[in-house]
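Pasted below: upload25.tsv, TSV, C-alpha atoms and all ligand atoms.
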chain	number	residue	atom	x	y	z
A	1	MET	CA	78.31	-110.54	-3.02
A	2	SER	CA	76.03	-107.82	-4.42
A	3	LYS	CA	76.63	-104.22	-3.49
A	4	ILE	CA	74.79	-102.80	-0.47
A	5	ARG	CA	72.97	-99.58	-1.23
A	6	ALA	CA	71.10	-97.23	1.10
A	7	LYS	CA	67.41	-97.00	0.28
A	8	ILE	CA	64.97	-94.41	1.54
A	9	SER	CA	62.33	-96.48	3.31
A	10	GLY	CA	60.24	-93.69	4.82
A	11	VAL	CA	59.76	-89.94	4.96
A	12	ASN	CA	57.97	-87.59	7.31
A	13	ALA	CA	57.87	-83.87	8.08
A	14	TRP	CA	56.52	-81.46	10.63
A	15	VAL	CA	55.61	-77.81	10.19
A	16	PRO	CA	54.54	-75.45	12.97
A	17	PRO	CA	50.89	-74.34	12.73
A	18	TYR	CA	51.35	-70.54	12.61
A	19	ILE	CA	51.21	-69.18	9.04
A	20	LEU	CA	52.90	-65.86	8.27
A	21	THR	CA	51.35	-64.54	5.05
A	22	ASN	CA	52.68	-61.96	2.62
A	23	LYS	CA	49.76	-59.78	3.74
A	24	GLU	CA	51.01	-59.81	7.33
A	25	LEU	CA	54.56	-59.04	6.14
A	26	GLU	CA	53.15	-55.99	4.32
A	27	THR	CA	52.28	-54.61	7.77
A	28	MET	CA	55.80	-55.25	9.10
A	29	VAL	CA	58.13	-54.01	6.32
A	30	ASP	CA	57.88	-51.96	3.12
A	31	THR	CA	56.94	-54.79	0.76
A	32	THR	CA	54.02	-56.08	-1.27
A	33	ASP	CA	52.48	-59.47	-1.93
A	34	ASP	CA	53.04	-58.76	-5.63
A	35	TRP	CA	56.78	-58.15	-5.23
A	36	ILE	CA	57.28	-61.25	-3.09
A	37	VAL	CA	55.30	-63.57	-5.37
A	38	SER	CA	56.84	-62.30	-8.60
A	39	ARG	CA	60.46	-62.29	-7.34
A	40	THR	CA	60.39	-65.46	-5.23
A	41	GLY	CA	57.17	-67.47	-5.72
A	42	ILE	CA	56.48	-67.37	-1.95
A	43	ARG	CA	52.97	-66.65	-0.63
A	44	GLU	CA	53.23	-67.82	2.98
A	45	ARG	CA	55.56	-69.57	5.41
A	46	HIS	CA	55.15	-71.40	8.73
A	47	ILE	CA	56.71	-69.95	11.87
A	48	GLN	CA	57.47	-71.71	15.16
A	49	LYS	CA	55.94	-69.50	17.82
A	50	GLY	CA	56.25	-69.92	21.58
A	51	GLU	CA	58.89	-69.77	24.27
A	52	GLY	CA	61.34	-72.60	24.78
A	53	LEU	CA	60.88	-74.23	21.39
A	54	GLY	CA	63.73	-74.80	18.96
A	55	THR	CA	64.76	-76.75	15.89
A	56	SER	CA	64.98	-79.94	17.94
A	57	ASP	CA	61.27	-79.79	18.79
A	58	MET	CA	60.30	-79.75	15.12
A	59	GLY	CA	62.94	-82.39	14.36
A	60	ALA	CA	61.71	-84.66	17.17
A	61	GLU	CA	58.12	-84.41	15.88
A	62	ALA	CA	59.27	-85.34	12.37
A	63	VAL	CA	61.27	-88.29	13.73
A	64	LYS	CA	58.52	-89.59	16.02
A	65	GLY	CA	56.08	-89.56	13.10
A	66	LEU	CA	58.63	-91.28	10.87
A	67	LEU	CA	59.12	-94.09	13.39
A	68	GLU	CA	55.36	-94.54	13.68
A	69	LYS	CA	54.81	-94.54	9.90
A	70	THR	CA	57.56	-97.05	9.22
A	71	GLY	CA	56.76	-99.30	12.20
A	72	THR	CA	60.25	-98.76	13.61
A	73	LYS	CA	61.02	-98.87	17.33
A	74	PRO	CA	63.15	-95.95	18.61
A	75	GLU	CA	65.77	-98.36	19.99
A	76	GLU	CA	66.32	-99.87	16.52
A	77	ILE	CA	67.88	-96.66	15.17
A	78	ASP	CA	71.69	-96.87	14.98
A	79	LEU	CA	72.51	-93.34	13.88
A	80	LEU	CA	70.76	-89.97	13.49
A	81	ILE	CA	72.33	-87.13	11.51
A	82	CYS	CA	70.78	-83.68	11.75
A	83	ALA	CA	71.36	-81.02	9.11
A	84	THR	CA	70.72	-77.54	10.44
A	85	VAL	CA	72.02	-73.96	10.48
A	86	THR	CA	69.83	-73.08	13.44
A	87	PRO	CA	70.97	-75.51	16.13
A	88	ASP	CA	69.20	-75.26	19.50
A	89	MET	CA	72.53	-74.09	20.91
A	90	MET	CA	76.20	-73.96	19.85
A	91	PHE	CA	76.67	-77.34	21.51
A	92	PRO	CA	75.69	-80.07	22.09
A	93	ALA	CA	74.56	-81.04	18.63
A	94	THR	CA	70.87	-80.67	17.88
A	95	GLY	CA	70.95	-84.27	16.61
A	96	ASN	CA	71.75	-85.35	20.20
A	97	ILE	CA	68.77	-83.39	21.49
A	98	ILE	CA	66.42	-84.74	18.82
A	99	SER	CA	67.52	-88.29	19.66
A	100	ASP	CA	66.76	-87.65	23.32
A	101	LYS	CA	63.36	-86.09	22.65
A	102	ALA	CA	62.39	-88.89	20.24
A	103	GLY	CA	63.63	-91.63	22.59
A	104	LEU	CA	66.45	-92.98	20.38
A	105	ARG	CA	68.47	-94.59	23.17
A	106	ASN	CA	70.84	-96.66	20.97
A	107	ALA	CA	71.69	-94.12	18.29
A	108	PHE	CA	74.76	-91.94	18.06
A	109	SER	CA	73.98	-88.55	16.63
A	110	PHE	CA	75.71	-85.52	15.23
A	111	ASP	CA	75.03	-82.40	13.15
A	112	ILE	CA	76.08	-81.33	9.70
A	113	ASN	CA	76.18	-77.70	8.65
A	114	ALA	CA	76.25	-77.05	4.93
A	115	ALA	CA	73.59	-74.33	4.86
A	116	CYS	CA	70.87	-75.07	2.31
A	117	SER	CA	72.78	-78.09	0.96
A	118	GLY	CA	72.97	-79.59	4.45
A	119	PHE	CA	70.22	-82.16	3.97
A	120	LEU	CA	71.93	-83.53	0.85
A	121	PHE	CA	75.35	-83.59	2.53
A	122	ALA	CA	73.77	-85.45	5.48
A	123	VAL	CA	72.10	-88.00	3.17
A	124	ILE	CA	75.40	-88.57	1.36
A	125	THR	CA	77.19	-89.07	4.70
A	126	ALA	CA	74.45	-91.33	6.11
A	127	SER	CA	74.38	-93.47	2.98
A	128	LYS	CA	78.06	-94.33	3.49
A	129	PHE	CA	77.35	-95.67	6.99
A	130	VAL	CA	74.64	-97.90	5.50
A	131	GLU	CA	76.68	-99.02	2.48
A	132	THR	CA	79.44	-100.39	4.75
A	133	GLY	CA	76.89	-102.82	6.16
A	134	GLN	CA	77.64	-101.71	9.72
A	135	TYR	CA	74.49	-99.66	10.31
A	136	LYS	CA	71.00	-100.90	9.47
A	137	LYS	CA	68.67	-98.05	10.35
A	138	VAL	CA	69.83	-94.48	9.96
A	139	ILE	CA	67.72	-91.31	10.19
A	140	VAL	CA	68.57	-88.04	8.48
A	141	VAL	CA	66.71	-85.00	9.79
A	142	GLY	CA	66.80	-81.60	8.08
A	143	GLY	CA	65.36	-78.89	10.26
A	144	ASP	CA	65.58	-75.16	10.69
A	145	LYS	CA	63.95	-72.49	12.79
A	146	MET	CA	64.92	-69.73	10.38
A	147	SER	CA	62.63	-67.29	12.21
A	148	GLY	CA	65.15	-67.37	15.07
A	149	ILE	CA	67.87	-65.77	12.92
A	150	THR	CA	65.67	-63.59	10.69
A	151	ASP	CA	65.41	-59.83	11.19
A	152	TYR	CA	61.74	-59.00	10.66
A	153	ALA	CA	62.68	-55.37	10.01
A	154	THR	CA	64.81	-56.26	6.94
A	155	ARG	CA	62.61	-56.75	3.88
A	156	GLU	CA	65.39	-58.33	1.78
A	157	THR	CA	65.48	-61.44	3.97
A	158	CYS	CA	62.39	-61.64	6.18
A	159	ILE	CA	60.11	-62.49	3.27
A	160	LEU	CA	62.19	-65.51	2.27
A	161	PHE	CA	62.42	-67.89	5.18
A	162	GLY	CA	60.19	-70.30	7.10
A	163	ASP	CA	60.46	-72.98	9.80
A	164	ALA	CA	60.07	-76.75	9.36
A	165	ALA	CA	61.72	-80.14	9.79
A	166	GLY	CA	61.71	-83.28	7.67
A	167	ALA	CA	63.21	-86.73	8.20
A	168	ILE	CA	63.96	-89.84	6.18
A	169	LEU	CA	64.86	-93.40	7.16
A	170	LEU	CA	67.72	-95.08	5.32
A	171	GLU	CA	68.12	-98.87	5.31
A	172	PRO	CA	70.36	-101.29	3.41
A	173	THR	CA	69.24	-103.07	0.25
A	174	THR	CA	70.90	-105.25	-2.37
A	175	GLU	CA	68.29	-104.31	-4.97
A	176	GLU	CA	69.16	-101.76	-7.69
A	177	ILE	CA	67.31	-98.99	-5.81
A	178	GLY	CA	68.12	-96.28	-3.30
A	179	ILE	CA	70.97	-93.76	-3.39
A	180	MET	CA	72.50	-94.43	-6.82
A	181	ASP	CA	74.94	-91.56	-7.26
A	182	THR	CA	75.88	-88.34	-5.50
A	183	ILE	CA	77.77	-85.11	-6.23
A	184	ALA	CA	78.72	-82.51	-3.63
A	185	GLY	CA	80.84	-79.39	-3.73
A	186	THR	CA	81.87	-76.37	-1.69
A	187	ASP	CA	83.56	-73.04	-2.32
A	188	GLY	CA	84.29	-71.23	0.92
A	189	SER	CA	85.23	-68.04	-0.90
A	190	GLY	CA	81.48	-67.47	-1.33
A	191	ARG	CA	81.01	-67.10	2.44
A	192	ASN	CA	80.94	-63.30	2.28
A	193	TYR	CA	77.64	-63.25	0.39
A	194	LEU	CA	75.57	-65.29	2.83
A	195	HIS	CA	76.39	-65.75	6.50
A	196	MET	CA	75.80	-64.72	10.08
A	197	LYS	CA	78.37	-62.13	11.08
A	198	ALA	CA	78.70	-62.76	14.82
A	199	GLY	CA	78.19	-65.39	17.46
A	200	GLY	CA	80.98	-67.73	16.40
A	201	SER	CA	84.63	-67.90	17.45
A	202	LEU	CA	85.63	-65.25	14.91
A	203	LYS	CA	83.35	-62.66	16.48
A	204	PRO	CA	81.87	-63.81	19.78
A	205	PRO	CA	78.63	-62.23	20.90
A	206	THR	CA	78.79	-58.85	22.64
A	207	HIS	CA	76.32	-56.06	23.31
A	208	GLU	CA	77.75	-54.35	20.22
A	209	THR	CA	77.12	-57.34	17.93
A	210	VAL	CA	73.55	-57.51	19.17
A	211	ASP	CA	73.04	-53.77	18.65
A	212	ALA	CA	74.50	-54.07	15.14
A	213	LYS	CA	72.04	-56.92	14.36
A	214	GLU	CA	74.91	-59.28	13.56
A	215	HIS	CA	73.12	-62.39	14.80
A	216	TYR	CA	70.72	-62.37	11.88
A	217	ILE	CA	71.05	-63.75	8.34
A	218	TYR	CA	73.15	-61.51	6.12
A	219	GLN	CA	72.60	-62.09	2.41
A	220	GLU	CA	73.60	-60.28	-0.76
A	221	GLY	CA	70.73	-61.59	-2.83
A	222	GLN	CA	71.93	-60.93	-6.36
A	223	PRO	CA	75.36	-62.62	-6.27
A	224	VAL	CA	73.86	-65.58	-4.39
A	225	PHE	CA	71.11	-65.78	-7.00
A	226	LYS	CA	73.66	-65.75	-9.82
A	227	PHE	CA	75.72	-68.58	-8.34
A	228	ALA	CA	72.63	-70.57	-7.32
A	229	VAL	CA	71.07	-70.46	-10.78
A	230	THR	CA	74.16	-71.79	-12.54
A	231	ARG	CA	75.43	-74.21	-9.89
A	232	MET	CA	72.12	-75.93	-9.14
A	233	ALA	CA	71.43	-76.34	-12.84
A	234	ASP	CA	75.01	-77.54	-13.53
A	235	VAL	CA	75.05	-80.10	-10.76
A	236	SER	CA	71.63	-81.48	-11.74
A	237	ALA	CA	72.63	-81.76	-15.40
A	238	GLU	CA	75.97	-83.34	-14.45
A	239	ILE	CA	74.44	-86.17	-12.42
A	240	MET	CA	72.05	-86.96	-15.29
A	241	GLU	CA	74.79	-86.90	-17.93
A	242	ARG	CA	77.24	-89.08	-16.06
A	243	ASN	CA	74.53	-91.69	-15.45
A	244	ASN	CA	73.12	-91.50	-18.99
A	245	LEU	CA	69.75	-90.30	-17.71
A	246	THR	CA	67.55	-88.32	-20.10
A	247	ALA	CA	64.69	-86.05	-19.09
A	248	ASP	CA	62.29	-88.89	-20.01
A	249	ASP	CA	63.97	-91.14	-17.45
A	250	ILE	CA	63.35	-88.67	-14.63
A	251	ALA	CA	60.13	-88.99	-12.61
A	252	TYR	CA	60.80	-85.94	-10.43
A	253	LEU	CA	63.28	-83.17	-9.76
A	254	VAL	CA	63.32	-82.28	-6.07
A	255	PRO	CA	65.02	-78.88	-5.87
A	256	HIS	CA	65.92	-76.86	-2.80
A	257	GLN	CA	63.20	-74.21	-2.51
A	258	ALA	CA	64.99	-70.84	-2.30
A	259	ASN	CA	63.44	-69.03	-5.23
A	260	LEU	CA	60.98	-70.18	-7.90
A	261	ARG	CA	63.14	-68.58	-10.59
A	262	ILE	CA	66.15	-70.71	-9.55
A	263	ILE	CA	63.96	-73.83	-9.61
A	264	ASP	CA	62.62	-72.99	-13.08
A	265	ALA	CA	66.13	-72.42	-14.44
A	266	THR	CA	67.29	-75.79	-13.08
A	267	ALA	CA	64.33	-77.63	-14.61
A	268	ARG	CA	64.88	-75.90	-17.96
A	269	ARG	CA	68.56	-76.88	-17.98
A	270	MET	CA	67.61	-80.52	-17.29
A	271	GLY	CA	64.91	-80.41	-19.96
A	272	VAL	CA	62.38	-81.55	-17.35
A	273	GLY	CA	58.77	-80.28	-17.63
A	274	LYS	CA	57.16	-78.38	-14.77
A	275	GLU	CA	54.84	-81.31	-14.00
A	276	LYS	CA	57.91	-83.27	-12.92
A	277	VAL	CA	59.22	-80.67	-10.49
A	278	MET	CA	58.29	-80.74	-6.82
A	279	ILE	CA	57.47	-77.15	-5.87
A	280	ASN	CA	55.90	-76.07	-2.59
A	281	ILE	CA	57.85	-72.85	-1.99
A	282	GLU	CA	54.59	-70.87	-2.22
A	283	ARG	CA	53.39	-72.39	1.08
A	284	TYR	CA	56.61	-72.81	3.07
A	285	GLY	CA	59.22	-70.35	1.75
A	286	ASN	CA	62.85	-71.31	2.20
A	287	THR	CA	63.08	-73.68	5.17
A	288	THR	CA	66.83	-74.26	4.48
A	289	ASP	CA	67.58	-77.86	5.55
A	290	ALA	CA	63.93	-78.94	5.49
A	291	THR	CA	62.96	-78.04	1.91
A	292	ILE	CA	63.85	-81.33	0.25
A	293	PRO	CA	62.34	-83.76	2.82
A	294	LEU	CA	59.27	-81.49	2.96
A	295	CYS	CA	58.81	-82.00	-0.79
A	296	LEU	CA	59.38	-85.78	-0.59
A	297	TRP	CA	56.82	-85.96	2.24
A	298	GLU	CA	54.16	-84.06	0.27
A	299	TRP	CA	54.74	-86.05	-2.93
A	300	GLU	CA	55.26	-89.44	-1.22
A	301	LYS	CA	51.96	-90.92	-2.34
A	302	LYS	CA	52.67	-90.15	-6.01
A	303	LEU	CA	56.06	-91.88	-5.97
A	304	LYS	CA	56.47	-95.43	-7.22
A	305	LYS	CA	59.17	-98.03	-6.68
A	306	GLY	CA	61.93	-97.54	-9.25
A	307	ASP	CA	61.14	-93.88	-9.97
A	308	ASN	CA	64.28	-91.89	-10.81
A	309	ILE	CA	64.43	-88.77	-8.69
A	310	ILE	CA	67.06	-86.04	-8.72
A	311	LEU	CA	67.57	-84.09	-5.49
A	312	ALA	CA	69.44	-80.80	-5.98
A	313	ALA	CA	70.51	-77.97	-3.71
A	314	PHE	CA	72.61	-74.83	-3.50
A	315	GLY	CA	73.35	-72.84	-0.38
A	316	GLY	CA	75.56	-70.60	1.70
A	317	GLY	CA	79.22	-71.47	1.86
A	318	PHE	CA	78.88	-71.80	-1.05
A	319	THR	CA	77.73	-75.40	-1.06
A	320	TRP	CA	75.92	-77.46	-3.68
A	321	GLY	CA	74.99	-81.02	-4.42
A	322	SER	CA	72.80	-83.47	-6.27
A	323	ILE	CA	71.69	-87.02	-5.58
A	324	TRP	CA	70.17	-89.58	-7.94
A	325	VAL	CA	67.69	-91.70	-6.00
A	326	LYS	CA	65.72	-94.69	-7.24
A	327	TRP	CA	62.61	-94.59	-5.06
A	328	ALA	CA	62.25	-97.77	-3.02
A	329	TYR	CA	58.52	-98.14	-2.35
A	401	LIG	O1	68.83	-70.75	-0.01
A	401	LIG	C1	70.15	-70.29	0.02
A	401	LIG	C2	70.52	-69.54	-1.18
A	401	LIG	N1	69.75	-68.31	-1.29
A	401	LIG	C3	69.22	-68.01	-2.47
A	401	LIG	O2	69.28	-68.80	-3.38
A	401	LIG	C4	68.62	-66.64	-2.64
A	401	LIG	C5	69.08	-66.05	-3.93
A	401	LIG	N2	68.61	-64.68	-4.16
A	401	LIG	C6	67.33	-64.41	-4.44
A	401	LIG	O3	66.49	-65.28	-4.44
A	401	LIG	C7	66.98	-62.98	-4.84
A	401	LIG	O4	68.16	-62.25	-5.06
A	401	LIG	C8	66.10	-62.24	-3.80
A	401	LIG	C9	64.72	-62.83	-3.78
A	401	LIG	C10	66.74	-62.31	-2.41
A	401	LIG	C11	65.95	-60.76	-4.20
A	401	LIG	O5	65.43	-60.67	-5.52
A	401	LIG	P1	66.14	-59.78	-6.65
A	401	LIG	O6	65.32	-59.89	-7.86
A	401	LIG	O7	67.58	-60.20	-6.72
A	401	LIG	O8	65.99	-58.33	-6.06
A	401	LIG	P2	67.13	-57.27	-5.74
A	401	LIG	O9	67.88	-57.66	-4.51
A	401	LIG	O10	67.91	-56.99	-6.99
A	401	LIG	O11	66.27	-55.99	-5.41
A	401	LIG	C12	65.51	-55.31	-6.43
A	401	LIG	C13	64.76	-54.17	-5.77
A	401	LIG	C14	65.65	-53.27	-4.90
A	401	LIG	O12	65.19	-51.94	-5.02
A	401	LIG	P3	65.90	-50.89	-6.00
A	401	LIG	O13	67.34	-50.82	-5.54
A	401	LIG	O14	65.77	-51.47	-7.39
A	401	LIG	O15	65.13	-49.65	-5.79
A	401	LIG	C15	65.38	-53.75	-3.52
A	401	LIG	O16	65.58	-52.76	-2.54
A	401	LIG	O17	63.74	-54.68	-4.90
A	401	LIG	C16	63.91	-54.10	-3.60
A	401	LIG	N3	63.48	-55.10	-2.62
A	401	LIG	C17	62.19	-55.23	-2.23
A	401	LIG	N4	61.09	-54.56	-2.58
A	401	LIG	C18	59.92	-54.94	-2.01
A	401	LIG	C19	64.24	-56.01	-1.98
A	401	LIG	N5	63.45	-56.74	-1.15
A	401	LIG	C20	62.19	-56.27	-1.29
A	401	LIG	C21	60.95	-56.61	-0.72
A	401	LIG	N6	59.84	-55.94	-1.11
A	401	LIG	N7	60.81	-57.62	0.17

Could you quickly redo this structure as structure tokens?
Ligand code: UT7
Amino acid sequence: MSKIRAKISGVNAWVPPYILTNKELETMVDTTDDWIVSRTGIRERHIQKGEGLGTSDMGAEAVKGLLEKTGTKPEEIDLLICATVTPDMMFPATGNIISDKAGLRNAFSFDINAACSGFLFAVITASKFVETGQYKKVIVVGGDKMSGITDYATRETCILFGDAAGAILLEPTTEEIGIMDTIAGTDGSGRNYLHMKAGGSLKPPTHETVDAKEHYIYQEGQPVFKFAVTRMADVSAEIMERNNLTADDIAYLVPHQANLRIIDATARRMGVGKEKVMINIERYGNTTDATIPLCLWEWEKKLKKGDNIILAAFGGGFTWGSIWVKWAY
């Protein structure tokens, strides 16, 4: 019997309408459009405004659109995995809430937290459920409302992040397409450089933690940058080498969008020209778990069946990963 692989059979994304530009940020913190563009490549990002809206609302929109696009009924979905660092609440899982809001009555759902590598870790996990043959239609959602954990008085971080959600549908195939190979890694000793200080079991929320702004993103940019540049490039090169893929074989690199300079370094290391790199950081910033599906969604029409695509990410934890995908449609 031929091997069952998980193929990506659809992609969709949802971004909130409000656009926060570098110009508006100039009025909020001591920064300039010039600094932001030259250091990060970001020009604007989308922000989810309004009371009572969370990551699940963006995720549910992405999922509902995905079902419509792929002609899939909500009750056909067996499993939904949500990758997020900004869950609606500590529990239940945001995946549960997305499933409810999108009407997935027969799916079991859970969340994965691997910071900016979360979407890749969720795809790797989901692909295993498909490869066993037990599950036929699995959705992976990557979504984050980063504005909910961003301090808009801290210029080091508030210029970086945006809100969005993206979703893909995975289905079984016996063709030589789909998720072909995966690499994932973590190093928890990197946690000190990028984290949220309070709100978990280690330091539950108190008036003091709120006053000390410990419920916002804490990042030491330079060490994270250093690790990200080498790790994302290493892991992308490694997946090519071990599968005998040359730069000519690659149709697209789909990198996590944290910083244009990290993306450029990864592409250089792979020997892949800029025309083959999906880059939309200038319009969305770093949307954490949504960056990769957001790219796939925007480039979907250019992709052809059989295209070799490398997904690559690096994030807090530290976490990193790469996936070789043969596009399925
Ligand atoms: O997605 C998860 C993983 N995260 C990442 O991959 C992020 C990795 N890190 C980065 O992308 C970069 O480190 C940042 C974009 C966060 C910062 O860029 P940088 O080139 O590393 O800048 P820096 O932190 O070394 O700061 C350089 C200067 C400092 O001023 P002094 O000390 O030289 O006077 C900062 O205070 O730039 C200053 N600065 C700013 N100036 C204007 C920092 N933020 C800003 C700002 N506007 N927004």

Within-9 Å residues of ligand LIG 401 (chain A), basis all atoms listed in the file, as a PyMOL selection string: chain A and resi 25-26+29-36+38-40+115-117+154-161+194+219-229+256-262+286-288+313-316+318

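The residue that comes closest to A:Asn12, out of A:Glu300, A:Glu275, A:Glu238, A:Asp211 and on the basis of only C-alpha atoms, is A:Glu300.
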
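Taking only C-alpha atoms into account, A:Pro172 lies nearest to A:Val130 out of the set A:Ala237, A:Val210, A:Val130, A:Ala153.
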
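Excluding A:Asp248 itself and same-chain residues fewer than 2 positions from it, the residues having an atom within 12 Å of it are Met240, Asn244, Leu245, Thr246, Ile250, Ala251, Tyr252, Leu253, Met270, Gly271, Val272, Gly273, Lys276, Asp307, Asn308 and Ile309 of chain A, counting all atoms listed in the file.
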
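With distances restricted to only C-alpha atoms, A:Glu76 is the closest residue to A:Lys136 from A:Asp111, A:Glu24, A:Glu175, A:Glu76.
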
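Here atom CA of A:Ile310 and atom CA of A:Lys128 stand 18.4 Å from one another.
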
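When the distance limit is 9 Å and only C-alpha atoms are what count, the residues near A:Tyr216, minus those fewer than 4 positions from it on the same chain, are A:Gly148, A:Ile149, A:Thr150, A:Asp151, A:His195, A:Met196, A:Lys197, A:Ala198.
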
Keeping C-alpha atoms for every residue in the selection just given, could you write it to a file as a JSON list (two decimals), in the frame of the given file?
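Result written to again_16.json:
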[["chain", "number", "residue", "atom", "x", "y", "z"],
["A", 148, "GLY", "CA", 65.15, -67.37, 15.07],
["A", 149, "ILE", "CA", 67.87, -65.77, 12.92],
["A", 150, "THR", "CA", 65.67, -63.59, 10.69],
["A", 151, "ASP", "CA", 65.41, -59.83, 11.19],
["A", 195, "HIS", "CA", 76.39, -65.75, 6.50],
["A", 196, "MET", "CA", 75.80, -64.72, 10.08],
["A", 197, "LYS", "CA", 78.37, -62.13, 11.08],
["A", 198, "ALA", "CA", 78.70, -62.76, 14.82]]

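Among the candidate residues A:Ile217, A:Gly95, A:Thr132, A:Ser201, the one lying nearest to A:Tyr152 is A:Ile217, with distances computed using all atoms listed in the file.
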
Among the residues A:Met180, A:Leu202, A:Val235, A:Met278, the one that comes closest to A:Trp327 [using all atoms listed in the file]: A:Met180
